[in-house]
file start-v4.pdb (PDB, C-alpha atoms)
MODEL        1
ATOM      1  CA  MET W 290     104.339 102.930 152.094  1.00  0.00           C
ATOM      2  CA  ASN W 291     107.367 104.664 150.674  1.00  0.00           C
ATOM      3  CA  ASN W 292     107.776 106.301 147.296  1.00  0.00           C
ATOM      4  CA  SER W 293     109.318 103.326 145.488  1.00  0.00           C
ATOM      5  CA  GLN W 294     106.479 101.019 146.603  1.00  0.00           C
ATOM      6  CA  GLU W 295     103.862 103.538 145.417  1.00  0.00           C
ATOM      7  CA  ILE W 296     105.543 103.862 142.037  1.00  0.00           C
ATOM      8  CA  GLN W 297     105.777 100.063 141.760  1.00  0.00           C
ATOM      9  CA  SER W 298     102.072  99.598 142.578  1.00  0.00           C
ATOM     10  CA  GLN W 299     101.141 102.294 140.053  1.00  0.00           C
ATOM     11  CA  SER W 300     103.202 100.637 137.313  1.00  0.00           C
ATOM     12  CA  ASP W 301     101.599  97.255 138.162  1.00  0.00           C
ATOM     13  CA  GLY W 302      98.191  98.873 137.750  1.00  0.00           C
ATOM     14  CA  VAL W 303      99.265 100.367 134.421  1.00  0.00           C
ATOM     15  CA  ARG W 304     100.410  96.923 133.182  1.00  0.00           C
ATOM     16  CA  LYS W 305      97.105  95.333 134.158  1.00  0.00           C
ATOM     17  CA  GLN W 306      95.200  98.133 132.465  1.00  0.00           C
ATOM     18  CA  ALA W 307      97.287  97.873 129.272  1.00  0.00           C
ATOM     19  CA  GLY W 308      95.997  94.353 128.610  1.00  0.00           C
ATOM     20  CA  LYS W 309      92.410  95.571 128.343  1.00  0.00           C
ATOM     21  CA  VAL W 310      91.489  97.385 125.155  1.00  0.00           C
ATOM     22  CA  PRO W 311      88.747  99.974 125.656  1.00  0.00           C
ATOM     23  CA  GLY W 312      85.731  99.633 123.400  1.00  0.00           C
ATOM     24  CA  MET W 313      86.280 103.105 122.032  1.00  0.00           C
ATOM     25  CA  VAL W 314      89.674 102.082 120.625  1.00  0.00           C
ATOM     26  CA  ARG W 315      88.027  99.203 118.763  1.00  0.00           C
ATOM     27  CA  ILE W 316      85.242 101.485 117.549  1.00  0.00           C
ATOM     28  CA  CYS W 317      87.805 103.966 116.223  1.00  0.00           C
ATOM     29  CA  GLY W 318      89.558 101.148 114.350  1.00  0.00           C
ATOM     30  CA  TRP W 319      86.325 100.033 112.690  1.00  0.00           C
ATOM     31  CA  LEU W 320      85.364 103.628 111.892  1.00  0.00           C
ATOM     32  CA  LEU W 321      88.742 104.130 110.236  1.00  0.00           C
ATOM     33  CA  ILE W 322      88.077 101.090 108.045  1.00  0.00           C
ATOM     34  CA  LEU W 323      84.646 102.468 107.151  1.00  0.00           C
ATOM     35  CA  GLU W 324      86.178 105.838 106.372  1.00  0.00           C
ATOM     36  CA  ALA W 325      88.831 104.187 104.170  1.00  0.00           C
ATOM     37  CA  VAL W 326      86.114 102.358 102.224  1.00  0.00           C
ATOM     38  CA  ILE W 327      84.208 105.620 101.693  1.00  0.00           C
ATOM     39  CA  TYR W 328      87.351 107.411 100.494  1.00  0.00           C
ATOM     40  CA  PHE W 329      88.227 104.519  98.207  1.00  0.00           C
ATOM     41  CA  LEU W 330      84.766 104.515  96.612  1.00  0.00           C
ATOM     42  CA  LEU W 331      84.879 108.290  96.119  1.00  0.00           C
ATOM     43  CA  GLY W 332      88.354 107.979  94.598  1.00  0.00           C
ATOM     44  CA  VAL W 333      87.205 105.239  92.218  1.00  0.00           C
ATOM     45  CA  TYR W 334      84.226 107.372  91.198  1.00  0.00           C
ATOM     46  CA  HIS W 335      86.491 110.307  90.317  1.00  0.00           C
ATOM     47  CA  PHE W 336      88.972 108.004  88.583  1.00  0.00           C
ATOM     48  CA  HIS W 337      86.058 106.665  86.518  1.00  0.00           C
ATOM     49  CA  LEU W 338      85.026 110.229  85.598  1.00  0.00           C
ATOM     50  CA  ASN W 339      88.466 110.722  84.063  1.00  0.00           C
ATOM     51  CA  ASN W 340      88.167 107.628  81.845  1.00  0.00           C
ATOM     52  CA  GLY W 341      90.729 105.982  84.114  1.00  0.00           C
ATOM     53  CA  PRO W 342      89.535 102.366  83.895  1.00  0.00           C
ATOM     54  CA  GLU W 343      89.791 102.302  80.090  1.00  0.00           C
ATOM     55  CA  LEU W 344      93.297 103.765  80.159  1.00  0.00           C
ATOM     56  CA  PHE W 345      94.234 101.416  82.998  1.00  0.00           C
ATOM     57  CA  SER W 346      93.002  98.356  81.083  1.00  0.00           C
ATOM     58  CA  ARG W 347      94.967  99.479  77.998  1.00  0.00           C
ATOM     59  CA  LEU W 348      98.094  99.781  80.139  1.00  0.00           C
ATOM     60  CA  PHE W 349      97.702  96.331  81.654  1.00  0.00           C
ATOM     61  CA  ALA W 350      96.247  94.489  78.626  1.00  0.00           C
ATOM     62  CA  ARG W 351      99.605  93.622  77.063  1.00  0.00           C
ATOM     63  CA  TRP W 352     101.217  92.961  80.409  1.00  0.00           C
ATOM     64  CA  LEU W 353      98.482  90.543  81.511  1.00  0.00           C
ATOM     65  CA  SER W 354      98.670  88.664  78.221  1.00  0.00           C
ATOM     66  CA  GLY W 355     102.395  88.231  78.788  1.00  0.00           C
ATOM     67  CA  ASP W 356     103.543  90.094  75.685  1.00  0.00           C
ATOM     68  CA  THR W 357     105.519  92.962  77.135  1.00  0.00           C
ATOM     69  CA  PRO W 358     106.646  93.768  80.642  1.00  0.00           C
ATOM     70  CA  PHE W 359     106.104  97.235  82.036  1.00  0.00           C
ATOM     71  CA  SER W 360     108.279  99.978  80.717  1.00  0.00           C
ATOM     72  CA  TYR W 361     108.633 103.510  81.917  1.00  0.00           C
ATOM     73  CA  ALA W 362     107.507 104.762  78.512  1.00  0.00           C
ATOM     74  CA  GLU W 363     104.176 102.935  78.846  1.00  0.00           C
ATOM     75  CA  ILE W 364     103.618 104.251  82.351  1.00  0.00           C
ATOM     76  CA  TYR W 365     104.507 107.755  81.175  1.00  0.00           C
ATOM     77  CA  ARG W 366     102.062 107.425  78.268  1.00  0.00           C
ATOM     78  CA  PHE W 367      99.360 106.225  80.679  1.00  0.00           C
ATOM     79  CA  SER W 368      99.944 109.211  82.962  1.00  0.00           C
ATOM     80  CA  ALA W 369     100.012 111.664  80.044  1.00  0.00           C
ATOM     81  CA  ASP W 370      96.796 110.221  78.553  1.00  0.00           C
ATOM     82  CA  LEU W 371      95.073 110.344  81.923  1.00  0.00           C
ATOM     83  CA  ILE W 372      96.069 113.967  82.516  1.00  0.00           C
ATOM     84  CA  HIS W 373      95.161 114.919  78.922  1.00  0.00           C
ATOM     85  CA  THR W 374      91.725 113.296  79.278  1.00  0.00           C
ATOM     86  CA  ALA W 375      91.175 115.041  82.573  1.00  0.00           C
ATOM     87  CA  ALA W 376      92.279 118.411  81.201  1.00  0.00           C
ATOM     88  CA  SER W 377      90.189 118.136  78.029  1.00  0.00           C
ATOM     89  CA  ALA W 378      87.080 117.238  80.032  1.00  0.00           C
ATOM     90  CA  GLN W 379      87.924 119.913  82.625  1.00  0.00           C
ATOM     91  CA  LEU W 380      88.137 117.231  85.303  1.00  0.00           C
ATOM     92  CA  LEU W 381      91.685 117.832  86.463  1.00  0.00           C
ATOM     93  CA  THR W 382      90.452 118.678  89.972  1.00  0.00           C
ATOM     94  CA  ALA W 383      88.594 115.348  90.034  1.00  0.00           C
ATOM     95  CA  LEU W 384      91.805 113.541  89.093  1.00  0.00           C
ATOM     96  CA  ILE W 385      93.755 115.316  91.823  1.00  0.00           C
ATOM     97  CA  GLU W 386      90.964 114.616  94.291  1.00  0.00           C
ATOM     98  CA  SER W 387      91.056 110.951  93.281  1.00  0.00           C
ATOM     99  CA  ALA W 388      94.796 110.783  93.993  1.00  0.00           C
ATOM    100  CA  VAL W 389      94.379 112.519  97.372  1.00  0.00           C
ATOM    101  CA  LEU W 390      91.532 110.167  98.308  1.00  0.00           C
ATOM    102  CA  PHE W 391      93.632 107.120  97.426  1.00  0.00           C
ATOM    103  CA  VAL W 392      96.429 108.420  99.668  1.00  0.00           C
ATOM    104  CA  LEU W 393      93.931 109.017 102.498  1.00  0.00           C
ATOM    105  CA  THR W 394      92.529 105.517 101.949  1.00  0.00           C
ATOM    106  CA  THR W 395      95.969 103.972 102.316  1.00  0.00           C
ATOM    107  CA  LEU W 396      96.751 106.001 105.436  1.00  0.00           C
ATOM    108  CA  ALA W 397      93.370 105.215 107.015  1.00  0.00           C
ATOM    109  CA  LEU W 398      93.774 101.468 106.427  1.00  0.00           C
ATOM    110  CA  TRP W 399      97.313 101.523 107.791  1.00  0.00           C
ATOM    111  CA  THR W 400      96.093 103.416 110.843  1.00  0.00           C
ATOM    112  CA  ALA W 401      93.199 100.986 111.363  1.00  0.00           C
ATOM    113  CA  VAL W 402      95.678  98.111 111.340  1.00  0.00           C
ATOM    114  CA  GLY W 403      97.660 100.068 113.918  1.00  0.00           C
ATOM    115  CA  PHE W 404      94.589 100.438 116.116  1.00  0.00           C
ATOM    116  CA  PHE W 405      93.941  96.703 116.023  1.00  0.00           C
ATOM    117  CA  ARG W 406      97.635  95.895 116.533  1.00  0.00           C
ATOM    118  CA  ARG W 407      97.858  98.517 119.327  1.00  0.00           C
ATOM    119  CA  TRP W 408     100.657 100.572 117.792  1.00  0.00           C
ATOM    120  CA  VAL W 409     101.470 103.623 119.889  1.00  0.00           C
ATOM    121  CA  ILE W 410     101.620 105.951 116.883  1.00  0.00           C
ATOM    122  CA  SER W 411      98.136 104.957 115.659  1.00  0.00           C
ATOM    123  CA  ARG W 412      96.244 107.774 117.338  1.00  0.00           C
ATOM    124  CA  THR W 413      98.610 110.370 115.903  1.00  0.00           C
ATOM    125  CA  LEU W 414      98.249 108.850 112.425  1.00  0.00           C
ATOM    126  CA  ALA W 415      94.469 108.805 112.798  1.00  0.00           C
ATOM    127  CA  LEU W 416      94.497 112.504 113.648  1.00  0.00           C
ATOM    128  CA  LEU W 417      96.720 113.098 110.602  1.00  0.00           C
ATOM    129  CA  VAL W 418      94.199 111.265 108.394  1.00  0.00           C
ATOM    130  CA  GLN W 419      91.385 113.395 109.799  1.00  0.00           C
ATOM    131  CA  ALA W 420      93.360 116.587 109.260  1.00  0.00           C
ATOM    132  CA  GLY W 421      94.026 115.544 105.660  1.00  0.00           C
ATOM    133  CA  SER W 422      90.401 114.680 104.976  1.00  0.00           C
ATOM    134  CA  LEU W 423      89.090 117.878 106.556  1.00  0.00           C
ATOM    135  CA  LEU W 424      91.640 119.962 104.660  1.00  0.00           C
ATOM    136  CA  THR W 425      90.675 118.222 101.407  1.00  0.00           C
ATOM    137  CA  ALA W 426      86.987 118.829 102.114  1.00  0.00           C
ATOM    138  CA  LEU W 427      87.679 122.479 102.897  1.00  0.00           C
ATOM    139  CA  VAL W 428      89.635 122.986  99.674  1.00  0.00           C
ATOM    140  CA  LEU W 429      86.917 121.238  97.658  1.00  0.00           C
ATOM    141  CA  TYR W 430      84.290 123.397  99.308  1.00  0.00           C
ATOM    142  CA  TYR W 431      85.961 126.517  97.959  1.00  0.00           C
ATOM    143  CA  VAL W 432      86.829 125.011  94.550  1.00  0.00           C
ATOM    144  CA  ASN W 433      83.601 123.437  93.297  1.00  0.00           C
ATOM    145  CA  ARG W 434      81.399 122.353  96.239  1.00  0.00           C
ATOM    146  CA  PRO W 435      80.645 118.720  95.354  1.00  0.00           C
ATOM    147  CA  ALA W 436      77.910 117.028  97.379  1.00  0.00           C
ATOM    148  CA  HIS W 437      80.177 114.368  98.884  1.00  0.00           C
ATOM    149  CA  ILE W 438      82.235 116.833 100.927  1.00  0.00           C
ATOM    150  CA  VAL W 439      79.468 116.781 103.518  1.00  0.00           C
ATOM    151  CA  ILE W 440      80.235 113.085 104.067  1.00  0.00           C
ATOM    152  CA  MET W 441      83.947 113.860 104.350  1.00  0.00           C
ATOM    153  CA  MET W 442      83.381 116.670 106.835  1.00  0.00           C
ATOM    154  CA  VAL W 443      80.932 114.756 109.010  1.00  0.00           C
ATOM    155  CA  THR W 444      83.110 111.633 109.202  1.00  0.00           C
ATOM    156  CA  GLY W 445      86.185 113.767 109.893  1.00  0.00           C
ATOM    157  CA  ILE W 446      84.511 115.716 112.694  1.00  0.00           C
ATOM    158  CA  PHE W 447      83.082 112.602 114.342  1.00  0.00           C
ATOM    159  CA  MET W 448      86.414 110.815 114.127  1.00  0.00           C
ATOM    160  CA  VAL W 449      88.227 113.761 115.729  1.00  0.00           C
ATOM    161  CA  LEU W 450      85.670 113.692 118.553  1.00  0.00           C
ATOM    162  CA  TYR W 451      86.027 109.927 118.990  1.00  0.00           C
ATOM    163  CA  LEU W 452      89.812 110.097 118.869  1.00  0.00           C
ATOM    164  CA  ASN W 453      89.777 112.654 121.681  1.00  0.00           C
ATOM    165  CA  TYR W 454      87.405 110.619 123.833  1.00  0.00           C
ATOM    166  CA  ALA W 455      89.196 110.068 127.160  1.00  0.00           C
ATOM    167  CA  ASP W 456      89.767 106.317 126.733  1.00  0.00           C
ATOM    168  CA  VAL W 457      91.638 106.589 123.434  1.00  0.00           C
ATOM    169  CA  PRO W 458      94.456 109.029 124.368  1.00  0.00           C
ATOM    170  CA  SER W 459      94.865 107.473 127.810  1.00  0.00           C
ATOM    171  CA  TYR W 460      95.112 103.980 126.310  1.00  0.00           C
ATOM    172  CA  PHE W 461      97.845 105.019 123.897  1.00  0.00           C
ATOM    173  CA  ASN W 462      99.644 107.031 126.586  1.00  0.00           C
ATOM    174  CA  VAL W 463      99.674 103.950 128.842  1.00  0.00           C
ATOM    175  CA  ALA W 464     100.964 101.845 125.944  1.00  0.00           C
ATOM    176  CA  ALA W 465     103.714 104.384 125.286  1.00  0.00           C
ATOM    177  CA  HIS W 466     104.582 104.396 128.999  1.00  0.00           C
ATOM    178  CA  ASN W 467     104.804 100.578 129.016  1.00  0.00           C
ATOM    179  CA  ASN W 468     106.991 100.547 125.895  1.00  0.00           C
ATOM    180  CA  HIS W 469     109.270 103.147 127.498  1.00  0.00           C
ATOM    181  CA  ASN W 470     109.583 101.094 130.710  1.00  0.00           C
ATOM    182  CA  GLU W 471     110.307  97.883 128.782  1.00  0.00           C
ATOM    183  CA  THR W 472     113.195  99.483 126.918  1.00  0.00           C
ATOM    184  CA  GLN W 473     114.885 100.657 130.114  1.00  0.00           C
TER     185      GLN W 473
ENDMDL
END
call {"tool": "encode", "arguments": {"input": "start-v4.pdb", "output": "structure tokens"}}
result
Amino acid sequence: MNNSQEIQSQSDGVRKQAGKVPGMVRICGWLLILEAVIYFLLGVYHFHLNNGPELFSRLFARWLSGDTPFSYAEIYRFSADLIHTAASAQLLTALIESAVLFVLTTLALWTAVGFFRRWVISRTLALLVQAGSLLTALVLYYVNRPAHIVIMMVTGIFMVLYLNYADVPSYFNVAAHNNHNETQ
């Protein structure tokens, strides 16, 4: 067997293997969804601490009734009231944490969709989400040590371990190799 035949048989094996999705890739996708739900609930809790739902309902009350469309002045007033409420109750860190958790929720859901759709960049995005959540937990640990950072740290550590399980990187490397070969 010459070199070209060996390379051809290897690429045929890679194509056959690319059709099968390892169980660990599916598990990581579901864990990302679970993590997004946890971050969303924590973000809603902190938003609620800052009297956010009342301010939010005031912002949308006129719009939902059809009286006035959104204006930048109303959105600015909403933001100013929210920050003022948070500052007066000394909950500005909770408001910032809520915003960070909503961003992590969005990224985690987008990454989970990528895992189920088999996007090549999904693993990298998942590692970015874990880095963001672990960094947030670390900052919160030194700021005010809330009890929920244990949940954030444990889920982040387990996800990093699962994302580095041999099947996950090799699956996405094979997918990247197939995409590269298809474009040539």
call {"tool": "atom_distance", "arguments": {"input": "start-v4.pdb", "atom1": "CA of Asn462 (chain W)", "atom2": "CA of Gly318 (chain W)"}}
result
16.9 Å
call {"tool": "atom_distance", "arguments": {"input": "start-v4.pdb", "atom1": "CA of Ala420 (chain W)", "atom2": "CA of Tyr460 (chain W)"}}
result
21.3 Å
call {"tool": "residues_near_point", "arguments": {"input": "start-v4.pdb", "point": "(88.0, 110.3, 118.6)", "cutoff": "9 Å", "atoms": "only C-alpha atoms", "output": "NGL selection string"}}
result
:W and (313-314 or 317 or 412 or 415-416 or 446-455 or 457-458)
call {"tool": "residues_near_point", "arguments": {"input": "start-v4.pdb", "point": "(97.7, 96.4, 116.1)", "cutoff": "12 Å", "atoms": "all atoms listed in the file", "output": "ChimeraX atom specification"}}
result
/W:310,314-315,318,398-412,461,464
call {"tool": "write_last_selection", "arguments": {"input": "start-v4.pdb", "atoms": "C-alpha atoms", "output": "PDB file, in the frame of the given file"}}
result
ATOM      1  CA  VAL W 310      91.489  97.385 125.155  1.00  0.00           C
ATOM      2  CA  VAL W 314      89.674 102.082 120.625  1.00  0.00           C
ATOM      3  CA  ARG W 315      88.027  99.203 118.763  1.00  0.00           C
ATOM      4  CA  GLY W 318      89.558 101.148 114.350  1.00  0.00           C
ATOM      5  CA  LEU W 398      93.774 101.468 106.427  1.00  0.00           C
ATOM      6  CA  TRP W 399      97.313 101.523 107.791  1.00  0.00           C
ATOM      7  CA  THR W 400      96.093 103.416 110.843  1.00  0.00           C
ATOM      8  CA  ALA W 401      93.199 100.986 111.363  1.00  0.00           C
ATOM      9  CA  VAL W 402      95.678  98.111 111.340  1.00  0.00           C
ATOM     10  CA  GLY W 403      97.660 100.068 113.918  1.00  0.00           C
ATOM     11  CA  PHE W 404      94.589 100.438 116.116  1.00  0.00           C
ATOM     12  CA  PHE W 405      93.941  96.703 116.023  1.00  0.00           C
ATOM     13  CA  ARG W 406      97.635  95.895 116.533  1.00  0.00           C
ATOM     14  CA  ARG W 407      97.858  98.517 119.327  1.00  0.00           C
ATOM     15  CA  TRP W 408     100.657 100.572 117.792  1.00  0.00           C
ATOM     16  CA  VAL W 409     101.470 103.623 119.889  1.00  0.00           C
ATOM     17  CA  ILE W 410     101.620 105.951 116.883  1.00  0.00           C
ATOM     18  CA  SER W 411      98.136 104.957 115.659  1.00  0.00           C
ATOM     19  CA  ARG W 412      96.244 107.774 117.338  1.00  0.00           C
ATOM     20  CA  PHE W 461      97.845 105.019 123.897  1.00  0.00           C
ATOM     21  CA  ALA W 464     100.964 101.845 125.944  1.00  0.00           C
TER      22      ALA W 464
END
call {"tool": "atom_distance", "arguments": {"input": "start-v4.pdb", "atom1": "CA of Val463 (chain W)", "atom2": "CA of Gly312 (chain W)"}}
result
15.6 Å
call {"tool": "resolve_selection", "arguments": {"input": "start-v4.pdb", "expression": "the PyMOL selection byres ((chain W and resi 418) around 9)", "output": "ChimeraX atom specification"}}
result
/W:393-394,396-397,400,413-417,419-423,445
call {"tool": "closest_residue", "arguments": {"input": "start-v4.pdb", "among": "W:Met442, W:Val428, W:Leu380, W:Ile322", "to": "His337 (chain W)", "atoms": "all atoms listed in the file"}}
result
W:Leu380
call {"tool": "residues_around", "arguments": {"input": "start-v4.pdb", "residues": "Glu386 (chain W)", "least_positions_apart": "3", "cutoff": "9 Å", "atoms": "all atoms listed in the file", "output": "list in words"}}
result
Leu331, Gly332, His335, Phe336, Leu381, Thr382, Ala383, Val389, Leu390, Phe391, Thr425 and Leu429 of chain W
call {"tool": "residues_around", "arguments": {"input": "start-v4.pdb", "residues": "Leu338 (chain W)", "least_positions_apart": "4", "cutoff": "10 Å", "atoms": "only C-alpha atoms", "output": "compact mmCIF listing (two decimals) with C-alpha atoms, in the coordinates of the input"}}
result
# COMPACT_ATOMS: atom_id res chain seq x y z
CA GLY W 332 88.35 107.98 94.60
CA VAL W 333 87.20 105.24 92.22
CA TYR W 334 84.23 107.37 91.20
CA PRO W 342 89.54 102.37 83.90
CA THR W 374 91.72 113.30 79.28
CA ALA W 375 91.18 115.04 82.57
CA ALA W 378 87.08 117.24 80.03
CA LEU W 380 88.14 117.23 85.30
CA ALA W 383 88.59 115.35 90.03
CA LEU W 384 91.80 113.54 89.09
CA SER W 387 91.06 110.95 93.28
call {"tool": "closest_residue", "arguments": {"input": "start-v4.pdb", "among": "W:Ser459, W:Thr444, W:His373, W:Glu363", "to": "Tyr328 (chain W)", "atoms": "all atoms listed in the file"}}
result
W:Thr444
call {"tool": "closest_residue", "arguments": {"input": "start-v4.pdb", "among": "W:Tyr430, W:Leu371, W:Trp319, W:Ile364", "to": "Glu343 (chain W)", "atoms": "all atoms listed in the file"}}
result
W:Leu371
call {"tool": "axis_aligned_box", "arguments": {"input": "start-v4.pdb", "around": "region 426-438 of chain W", "padding_each_side": "5 Å", "output": "JSON"}}
result
{"center_x": 83.8, "center_y": 120.4, "center_z": 98.1, "size_x": 21.7, "size_y": 22.1, "size_z": 19.6}
call {"tool": "decode", "arguments": {"input": "start-v4.pdb", "residues": "region 401-426 of chain W", "atoms": "C-alpha atoms", "output": "compact mmCIF listing (two decimals), in the first residue's frame"}}
result
# COMPACT_ATOMS: atom_id res chain seq x y z
CA ALA W 401 -25.39 24.13 23.66
CA VAL W 402 -27.12 24.71 20.33
CA GLY W 403 -23.68 24.46 18.74
CA PHE W 404 -23.04 21.14 20.45
CA PHE W 405 -26.31 19.72 19.16
CA ARG W 406 -25.76 21.21 15.69
CA ARG W 407 -22.12 19.98 15.71
CA TRP W 408 -20.50 23.37 15.14
CA VAL W 409 -16.72 23.15 15.18
CA ILE W 410 -16.32 26.22 17.39
CA SER W 411 -18.66 24.87 20.09
CA ARG W 412 -15.98 23.34 22.29
CA THR W 413 -13.98 26.57 22.28
CA LEU W 414 -17.11 28.56 23.18
CA ALA W 415 -17.93 26.10 25.95
CA LEU W 416 -14.46 26.57 27.42
CA LEU W 417 -14.96 30.35 27.17
CA VAL W 418 -18.25 30.04 29.10
CA GLN W 419 -16.51 27.99 31.78
CA ALA W 420 -13.66 30.49 32.02
CA GLY W 421 -16.20 33.31 32.40
CA SER W 422 -18.19 31.49 35.07
CA LEU W 423 -15.10 30.49 37.04
CA LEU W 424 -13.71 34.02 36.82
CA THR W 425 -17.05 35.43 37.99
CA ALA W 426 -17.15 32.96 40.88
